[in-house]
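Structure data (mmCIF, C-alpha atoms and all ligand atoms) from final.cif:
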data_start
#
loop_
_atom_site.group_PDB
_atom_site.id
_atom_site.type_symbol
_atom_site.label_atom_id
_atom_site.label_comp_id
_atom_site.auth_asym_id
_atom_site.auth_seq_id
_atom_site.Cartn_x
_atom_site.Cartn_y
_atom_site.Cartn_z
ATOM 1 C CA MET E 2 0.000 0.000 0.000
ATOM 2 C CA TYR E 3 2.745 2.454 1.031
ATOM 3 C CA SER E 4 4.822 1.951 -2.145
ATOM 4 C CA PHE E 5 1.697 2.339 -4.313
ATOM 5 C CA VAL E 6 0.663 5.647 -2.708
ATOM 6 C CA LEU E 7 4.266 6.884 -2.791
ATOM 7 C CA ALA E 8 4.570 6.112 -6.532
ATOM 8 C CA LEU E 9 1.162 7.723 -7.159
ATOM 9 C CA HIS E 10 2.195 10.871 -5.257
ATOM 10 C CA SER E 11 5.480 10.955 -7.189
ATOM 11 C CA ILE E 12 3.771 10.724 -10.602
ATOM 12 C CA VAL E 13 0.977 13.215 -9.797
ATOM 13 C CA ARG E 14 3.743 15.733 -8.991
ATOM 14 C CA TRP E 15 4.440 15.908 -12.764
ATOM 15 C CA LEU E 16 0.755 16.515 -13.542
ATOM 16 C CA VAL E 17 0.699 19.333 -10.956
ATOM 17 C CA LEU E 18 3.799 20.939 -12.479
ATOM 18 C CA LEU E 19 2.750 20.519 -16.120
ATOM 19 C CA SER E 20 -0.770 21.842 -15.520
ATOM 20 C CA LEU E 21 0.603 24.842 -13.589
ATOM 21 C CA LEU E 22 3.140 25.620 -16.315
ATOM 22 C CA TYR E 23 0.485 25.399 -19.035
ATOM 23 C CA SER E 24 -1.906 27.580 -16.984
ATOM 24 C CA LEU E 25 0.832 30.153 -16.502
ATOM 25 C CA TYR E 26 1.810 30.118 -20.175
ATOM 26 C CA ARG E 27 -1.836 30.836 -21.124
ATOM 27 C CA ALA E 28 -2.301 33.390 -18.319
ATOM 28 C CA TYR E 29 0.773 35.514 -19.146
ATOM 29 C CA ARG E 30 0.114 35.232 -22.894
ATOM 30 C CA GLY E 31 -3.493 36.330 -22.384
ATOM 31 C CA TRP E 32 -2.670 39.109 -19.920
ATOM 32 C CA LEU E 33 0.270 40.635 -21.808
ATOM 33 C CA GLY E 34 -1.251 40.029 -25.236
ATOM 34 C CA ASN E 35 -4.734 41.390 -24.359
ATOM 35 C CA LYS E 36 -6.421 38.162 -25.405
ATOM 36 C CA GLN E 37 -9.969 36.922 -24.940
ATOM 37 C CA PHE E 38 -10.457 34.626 -21.902
ATOM 38 C CA THR E 39 -11.799 31.563 -23.691
ATOM 39 C CA ASN E 40 -13.632 28.475 -22.528
ATOM 40 C CA LEU E 41 -10.307 26.589 -22.797
ATOM 41 C CA ASP E 42 -8.633 29.127 -20.471
ATOM 42 C CA ASN E 43 -11.422 28.550 -17.976
ATOM 43 C CA LYS E 44 -11.058 24.762 -18.209
ATOM 44 C CA VAL E 45 -7.277 24.995 -17.765
ATOM 45 C CA ARG E 46 -7.769 27.203 -14.662
ATOM 46 C CA HIS E 47 -10.262 24.728 -13.229
ATOM 47 C CA TYR E 48 -8.407 21.479 -14.001
ATOM 48 C CA THR E 49 -5.104 22.845 -12.680
ATOM 49 C CA ALA E 50 -6.792 23.502 -9.324
ATOM 50 C CA THR E 51 -8.456 20.068 -9.421
ATOM 51 C CA ILE E 52 -5.140 18.267 -10.095
ATOM 52 C CA SER E 53 -3.559 20.069 -7.128
ATOM 53 C CA HIS E 54 -6.517 18.937 -4.961
ATOM 54 C CA VAL E 55 -5.985 15.341 -6.093
ATOM 55 C CA GLN E 56 -2.317 15.655 -5.046
ATOM 56 C CA LEU E 57 -3.450 17.067 -1.684
ATOM 57 C CA ILE E 58 -5.662 14.012 -1.104
ATOM 58 C CA VAL E 59 -2.901 11.591 -2.159
ATOM 59 C CA GLY E 60 -0.465 13.530 0.066
ATOM 60 C CA ILE E 61 -2.778 13.219 3.083
ATOM 61 C CA TRP E 62 -3.228 9.506 2.337
ATOM 62 C CA LEU E 63 0.570 9.132 2.153
ATOM 63 C CA TYR E 64 0.902 10.980 5.456
ATOM 64 C CA PHE E 65 -1.079 8.231 7.186
ATOM 65 C CA VAL E 66 0.820 5.272 5.673
ATOM 66 C CA SER E 67 4.381 6.610 5.532
ATOM 67 C CA PRO E 68 6.869 4.994 7.970
ATOM 68 C CA ILE E 69 8.806 8.296 7.964
ATOM 69 C CA ILE E 70 5.745 10.174 9.227
ATOM 70 C CA ASN E 71 4.998 7.387 11.702
ATOM 71 C CA TYR E 72 8.509 7.779 13.102
ATOM 72 C CA PHE E 73 8.140 11.582 13.091
ATOM 73 C CA LEU E 74 4.864 11.536 15.034
ATOM 74 C CA HIS E 75 6.127 9.040 17.627
ATOM 75 C CA ASN E 76 9.570 10.579 18.145
ATOM 76 C CA LEU E 77 8.886 14.294 17.761
ATOM 77 C CA LYS E 78 11.850 15.444 19.810
ATOM 78 C CA ASP E 79 14.480 13.335 18.025
ATOM 79 C CA ALA E 80 12.763 13.751 14.665
ATOM 80 C CA MET E 81 13.128 17.528 14.779
ATOM 81 C CA SER E 82 16.896 17.236 14.638
ATOM 82 C CA GLN E 83 16.842 14.858 11.645
ATOM 83 C CA ARG E 84 16.692 16.956 8.512
ATOM 84 C CA GLU E 85 14.880 14.523 6.213
ATOM 85 C CA VAL E 86 12.331 13.363 8.801
ATOM 86 C CA ARG E 87 11.545 16.963 9.769
ATOM 87 C CA PHE E 88 11.223 17.900 6.093
ATOM 88 C CA PHE E 89 8.576 15.232 5.362
ATOM 89 C CA GLY E 90 6.922 15.453 8.789
ATOM 90 C CA MET E 91 6.415 19.209 8.709
ATOM 91 C CA GLU E 92 7.999 21.441 6.089
ATOM 92 C CA HIS E 93 6.940 19.640 2.902
ATOM 93 C CA ASN E 94 3.305 19.310 3.993
ATOM 94 C CA LEU E 95 2.982 22.852 5.303
ATOM 95 C CA MET E 96 4.550 24.464 2.243
ATOM 96 C CA MET E 97 2.486 22.328 -0.153
ATOM 97 C CA LEU E 98 -0.663 23.118 1.806
ATOM 98 C CA ILE E 99 0.100 26.829 1.421
ATOM 99 C CA ALA E 100 0.781 26.384 -2.318
ATOM 100 C CA ILE E 101 -2.473 24.482 -2.905
ATOM 101 C CA THR E 102 -4.375 27.114 -0.910
ATOM 102 C CA LEU E 103 -2.897 29.830 -3.168
ATOM 103 C CA ILE E 104 -4.021 27.896 -6.260
ATOM 104 C CA THR E 105 -7.517 27.465 -4.797
ATOM 105 C CA ILE E 106 -7.843 31.150 -3.905
ATOM 106 C CA GLY E 107 -6.410 32.266 -7.260
ATOM 107 C CA SER E 108 -8.746 29.999 -9.182
ATOM 108 C CA ALA E 109 -11.822 31.176 -7.220
ATOM 109 C CA LYS E 110 -10.878 34.850 -7.543
ATOM 110 C CA ALA E 111 -10.188 34.561 -11.286
ATOM 111 C CA LYS E 112 -13.578 32.927 -11.780
ATOM 112 C CA ARG E 113 -15.314 35.973 -10.230
ATOM 113 C CA LYS E 114 -13.358 38.632 -12.164
ATOM 114 C CA THR E 115 -15.339 40.242 -14.937
ATOM 115 C CA THR E 116 -12.725 41.379 -17.476
ATOM 116 C CA ASN E 117 -10.405 39.202 -19.572
ATOM 117 C CA ALA E 118 -7.273 40.997 -18.313
ATOM 118 C CA ASP E 119 -8.286 40.657 -14.648
ATOM 119 C CA LYS E 120 -8.934 36.931 -15.043
ATOM 120 C CA PHE E 121 -5.540 36.314 -16.680
ATOM 121 C CA LYS E 122 -3.715 38.574 -14.222
ATOM 122 C CA THR E 123 -5.252 36.869 -11.179
ATOM 123 C CA ILE E 124 -4.273 33.414 -12.423
ATOM 124 C CA ALA E 125 -0.780 34.624 -13.380
ATOM 125 C CA ILE E 126 -0.034 36.082 -9.930
ATOM 126 C CA TRP E 127 -1.547 33.404 -7.638
ATOM 127 C CA TYR E 128 -0.405 30.409 -9.686
ATOM 128 C CA SER E 129 3.135 31.868 -10.045
ATOM 129 C CA LEU E 130 3.480 32.144 -6.258
ATOM 130 C CA ALA E 131 2.207 28.580 -5.847
ATOM 131 C CA LEU E 132 4.612 27.255 -8.491
ATOM 132 C CA ILE E 133 7.620 28.844 -6.767
ATOM 133 C CA ILE E 134 6.648 27.284 -3.420
ATOM 134 C CA ILE E 135 6.055 23.881 -5.034
ATOM 135 C CA ILE E 136 9.369 23.895 -6.904
ATOM 136 C CA VAL E 137 11.350 24.665 -3.750
ATOM 137 C CA SER E 138 9.365 22.158 -1.627
ATOM 138 C CA VAL E 139 9.581 19.115 -3.898
ATOM 139 C CA PRO E 140 12.273 16.633 -2.765
ATOM 140 C CA TRP E 141 14.245 16.597 -6.037
ATOM 141 C CA PRO E 142 17.138 14.120 -6.496
ATOM 142 C CA PHE E 143 19.502 17.097 -6.014
ATOM 143 C CA SER E 144 17.683 18.616 -2.979
ATOM 144 C CA SER E 145 19.716 19.051 0.168
ATOM 145 C CA MET E 146 16.717 18.663 2.539
ATOM 146 C CA ALA E 147 15.576 15.307 1.178
ATOM 147 C CA SER E 148 16.544 13.599 -2.045
ATOM 148 C CA ARG E 149 13.983 11.507 -3.951
ATOM 149 C CA PRO E 150 13.942 10.122 -7.529
ATOM 150 C CA TYR E 151 12.244 11.865 -10.481
ATOM 151 C CA PHE E 152 10.217 8.732 -11.173
ATOM 152 C CA ARG E 153 9.177 5.745 -9.109
ATOM 153 C CA GLU E 154 7.835 2.393 -10.300
ATOM 154 C CA PHE E 155 4.459 1.148 -9.041
HETATM 155 C C1 LIG J 1 1.637 20.128 -4.982
HETATM 156 C C2 LIG J 1 1.728 19.385 -3.924
HETATM 157 C C3 LIG J 1 2.757 18.298 -3.680
HETATM 158 C C4 LIG J 1 3.778 17.839 -4.475
HETATM 159 C C5 LIG J 1 4.178 18.326 -5.865
HETATM 160 C C6 LIG J 1 4.433 16.790 -3.733
HETATM 161 C C7 LIG J 1 5.524 16.057 -4.168
HETATM 162 C C8 LIG J 1 6.151 15.063 -3.466
HETATM 163 C C9 LIG J 1 7.246 14.247 -3.963
HETATM 164 C C10 LIG J 1 7.857 14.373 -5.351
HETATM 165 C C11 LIG J 1 7.582 13.372 -2.988
HETATM 166 C C12 LIG J 1 8.658 12.284 -3.065
HETATM 167 C C13 LIG J 1 7.999 10.998 -3.526
HETATM 168 C C14 LIG J 1 9.000 9.890 -3.690
HETATM 169 O O1 LIG J 1 9.652 9.526 -2.689
HETATM 170 O O2 LIG J 1 9.121 9.371 -4.814
HETATM 171 C C15 LIG J 1 6.742 13.636 -1.851
HETATM 172 C C16 LIG J 1 6.789 12.968 -0.659
HETATM 173 C C17 LIG J 1 5.874 13.105 0.347
HETATM 174 N N1 LIG J 1 4.784 13.942 0.353
HETATM 175 FE FE1 LIG J 1 4.317 15.292 -1.063
HETATM 176 N N2 LIG J 1 3.809 16.634 -2.513
HETATM 177 C C18 LIG J 1 2.784 17.533 -2.454
HETATM 178 C C19 LIG J 1 1.906 17.710 -1.409
HETATM 179 C C20 LIG J 1 1.879 16.970 -0.265
HETATM 180 C C21 LIG J 1 0.939 17.127 0.798
HETATM 181 C C22 LIG J 1 -0.158 18.182 0.837
HETATM 182 C C23 LIG J 1 1.233 16.180 1.735
HETATM 183 C C24 LIG J 1 0.582 15.866 3.051
HETATM 184 C C25 LIG J 1 -0.449 16.447 3.560
HETATM 185 C C26 LIG J 1 2.370 15.437 1.259
HETATM 186 C C27 LIG J 1 2.975 14.402 1.933
HETATM 187 C C28 LIG J 1 4.120 13.754 1.536
HETATM 188 C C29 LIG J 1 4.814 12.771 2.321
HETATM 189 C C30 LIG J 1 4.395 12.281 3.698
HETATM 190 C C31 LIG J 1 5.915 12.365 1.587
HETATM 191 C C32 LIG J 1 7.039 11.396 1.995
HETATM 192 C C33 LIG J 1 6.605 9.992 2.067
HETATM 193 C C34 LIG J 1 7.727 9.060 2.366
HETATM 194 O O3 LIG J 1 8.849 9.142 1.798
HETATM 195 O O4 LIG J 1 7.452 8.184 3.200
HETATM 196 N N3 LIG J 1 2.727 15.948 0.040
HETATM 197 N N4 LIG J 1 5.862 14.648 -2.170
#
Could you take the file, read its structure, and then write that structure out as structure tokens?
Ligand code: HEM
Amino acid sequence: MYSFVLALHSIVRWLVLLSLLYSLYRAYRGWLGNKQFTNLDNKVRHYTATISHVQLIVGIWLYFVSPIINYFLHNLKDAMSQREVRFFGMEHNLMMLIAITLITIGSAKAKRKTTNADKFKTIAIWYSLALIIIIVSVPWPFSSMASRPYFREF
């Protein structure tokens, strides 16, 4: 179960990143190029937020089955001084929660804006902030906090 959820969480990371990048490409292009906010733009806004919510659910699921988190929760004092355990027990989840909240707020605000430019601008700003947080909080193979592979087999 653990290895399945871990592999799922690892793969959905790429969907989160690709959908955010595509949303941002469309948002900046629309904002700076004074384009019409089309039905496709609206779908991209919506599905990007939905994919991040799926990753949130998988992340919470992983939190309850991960041996690292189990160790963290039962050995809080020692765990705090172990960089990788502290990263997955606290920092990763908190930062990702903030990022997903920014995406949710940005998506909801953009939906309510009435002009094309305001819709694009809202998505561009909120999703950009979320992307920065996500990029720095993912445990990349080269990360100093915790190193994990780009891809994992199911
Ligand atoms: C956009 C949001 C997120 C992204 C892109 C993301 C990405 C990742 C990646 C790439 C890993 C390493 C997976 C591997 O070892 O192959 C990971 C690990 C983990 N993530 Fe996330 N994550 C996100 C949100 C969350 C959230 C919201 C939670 C919990 C509430 C969470 C909990 C965990 C845990 C517990 C691990 C470590 C599991 C272990 O090694 O035992 N993640 N995450």
Original post:
Taking into account only C-alpha atoms and all ligand atoms, which residue in the set E:His54, E:His47, E:Arg84, E:Lys36 is nearest to ligand LIG 1 (chain J)?
Top reply: E:His54
Original post:
Neighbours of ligand LIG 1 (chain J) within 8 Å, counting all atoms listed in the file, as an MDAnalysis selection string?
Top reply: chainID E and resid 3 7:8 10:15 17:18 53 56:70 89:90 93:98 100:101 135:136 138:141 149:153
Apply the PyMOL selection byres (((chain E and resi 112) around 12) and not hetatm) to the displayed file and report the matching residues as a PDB file with C-alpha atoms, in the frame of the given file.
ATOM      1  CA  PHE E  38     -10.457  34.626 -21.902  1.00  0.00           C
ATOM      2  CA  ASN E  40     -13.632  28.475 -22.528  1.00  0.00           C
ATOM      3  CA  ASP E  42      -8.633  29.127 -20.471  1.00  0.00           C
ATOM      4  CA  ASN E  43     -11.422  28.550 -17.976  1.00  0.00           C
ATOM      5  CA  LYS E  44     -11.058  24.762 -18.209  1.00  0.00           C
ATOM      6  CA  VAL E  45      -7.277  24.995 -17.765  1.00  0.00           C
ATOM      7  CA  ARG E  46      -7.769  27.203 -14.662  1.00  0.00           C
ATOM      8  CA  HIS E  47     -10.262  24.728 -13.229  1.00  0.00           C
ATOM      9  CA  ALA E  50      -6.792  23.502  -9.324  1.00  0.00           C
ATOM     10  CA  THR E 105      -7.517  27.465  -4.797  1.00  0.00           C
ATOM     11  CA  ILE E 106      -7.843  31.150  -3.905  1.00  0.00           C
ATOM     12  CA  GLY E 107      -6.410  32.266  -7.260  1.00  0.00           C
ATOM     13  CA  SER E 108      -8.746  29.999  -9.182  1.00  0.00           C
ATOM     14  CA  ALA E 109     -11.822  31.176  -7.220  1.00  0.00           C
ATOM     15  CA  LYS E 110     -10.878  34.850  -7.543  1.00  0.00           C
ATOM     16  CA  ALA E 111     -10.188  34.561 -11.286  1.00  0.00           C
ATOM     17  CA  ARG E 113     -15.314  35.973 -10.230  1.00  0.00           C
ATOM     18  CA  LYS E 114     -13.358  38.632 -12.164  1.00  0.00           C
ATOM     19  CA  THR E 115     -15.339  40.242 -14.937  1.00  0.00           C
ATOM     20  CA  THR E 116     -12.725  41.379 -17.476  1.00  0.00           C
ATOM     21  CA  ASN E 117     -10.405  39.202 -19.572  1.00  0.00           C
ATOM     22  CA  ASP E 119      -8.286  40.657 -14.648  1.00  0.00           C
ATOM     23  CA  LYS E 120      -8.934  36.931 -15.043  1.00  0.00           C
ATOM     24  CA  PHE E 121      -5.540  36.314 -16.680  1.00  0.00           C
ATOM     25  CA  LYS E 122      -3.715  38.574 -14.222  1.00  0.00           C
ATOM     26  CA  THR E 123      -5.252  36.869 -11.179  1.00  0.00           C
ATOM     27  CA  ILE E 124      -4.273  33.414 -12.423  1.00  0.00           C
TER      28      ILE E 124
END
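Here atom CA of Ile104 of chain E is placed at a distance of 11.1 Å from atom CA of Ile134 of chain E.
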Using the chain letters and residue numbers of this document, give as a PDB file with C-alpha atoms, in the coordinates of the input the residues selected by the PyMOL selection byres (((chain E and resi 29) around 10) and not hetatm).
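Saved the output as out.pdb:
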ATOM      1  CA  SER E  24      -1.906  27.580 -16.984  1.00  0.00           C
ATOM      2  CA  LEU E  25       0.832  30.153 -16.502  1.00  0.00           C
ATOM      3  CA  TYR E  26       1.810  30.118 -20.175  1.00  0.00           C
ATOM      4  CA  ARG E  27      -1.836  30.836 -21.124  1.00  0.00           C
ATOM      5  CA  ALA E  28      -2.301  33.390 -18.319  1.00  0.00           C
ATOM      6  CA  ARG E  30       0.114  35.232 -22.894  1.00  0.00           C
ATOM      7  CA  GLY E  31      -3.493  36.330 -22.384  1.00  0.00           C
ATOM      8  CA  TRP E  32      -2.670  39.109 -19.920  1.00  0.00           C
ATOM      9  CA  LEU E  33       0.270  40.635 -21.808  1.00  0.00           C
ATOM     10  CA  GLY E  34      -1.251  40.029 -25.236  1.00  0.00           C
ATOM     11  CA  ASN E  35      -4.734  41.390 -24.359  1.00  0.00           C
ATOM     12  CA  LYS E  36      -6.421  38.162 -25.405  1.00  0.00           C
ATOM     13  CA  ALA E 118      -7.273  40.997 -18.313  1.00  0.00           C
ATOM     14  CA  PHE E 121      -5.540  36.314 -16.680  1.00  0.00           C
ATOM     15  CA  LYS E 122      -3.715  38.574 -14.222  1.00  0.00           C
ATOM     16  CA  ILE E 124      -4.273  33.414 -12.423  1.00  0.00           C
ATOM     17  CA  ALA E 125      -0.780  34.624 -13.380  1.00  0.00           C
ATOM     18  CA  ILE E 126      -0.034  36.082  -9.930  1.00  0.00           C
TER      19      ILE E 126
END
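Here atom CA of Val137 of chain E is placed at a distance of 20.1 Å from atom CA of Leu9 of chain E.
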**OP:** Give the answer as one residue: which of E:Leu21, E:Ala147, E:Asp79, E:Met2 has the shortest atom-to-atom distance to Ile133 of chain E, using only C-alpha atoms?
**Re:** E:Leu21
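Of the residues listed (E:Asn71, E:Gln37, E:Ser20, E:Gln83), E:Ser20 shows the shortest atom-to-atom separation from Thr49 of chain E; distances use only C-alpha atoms.
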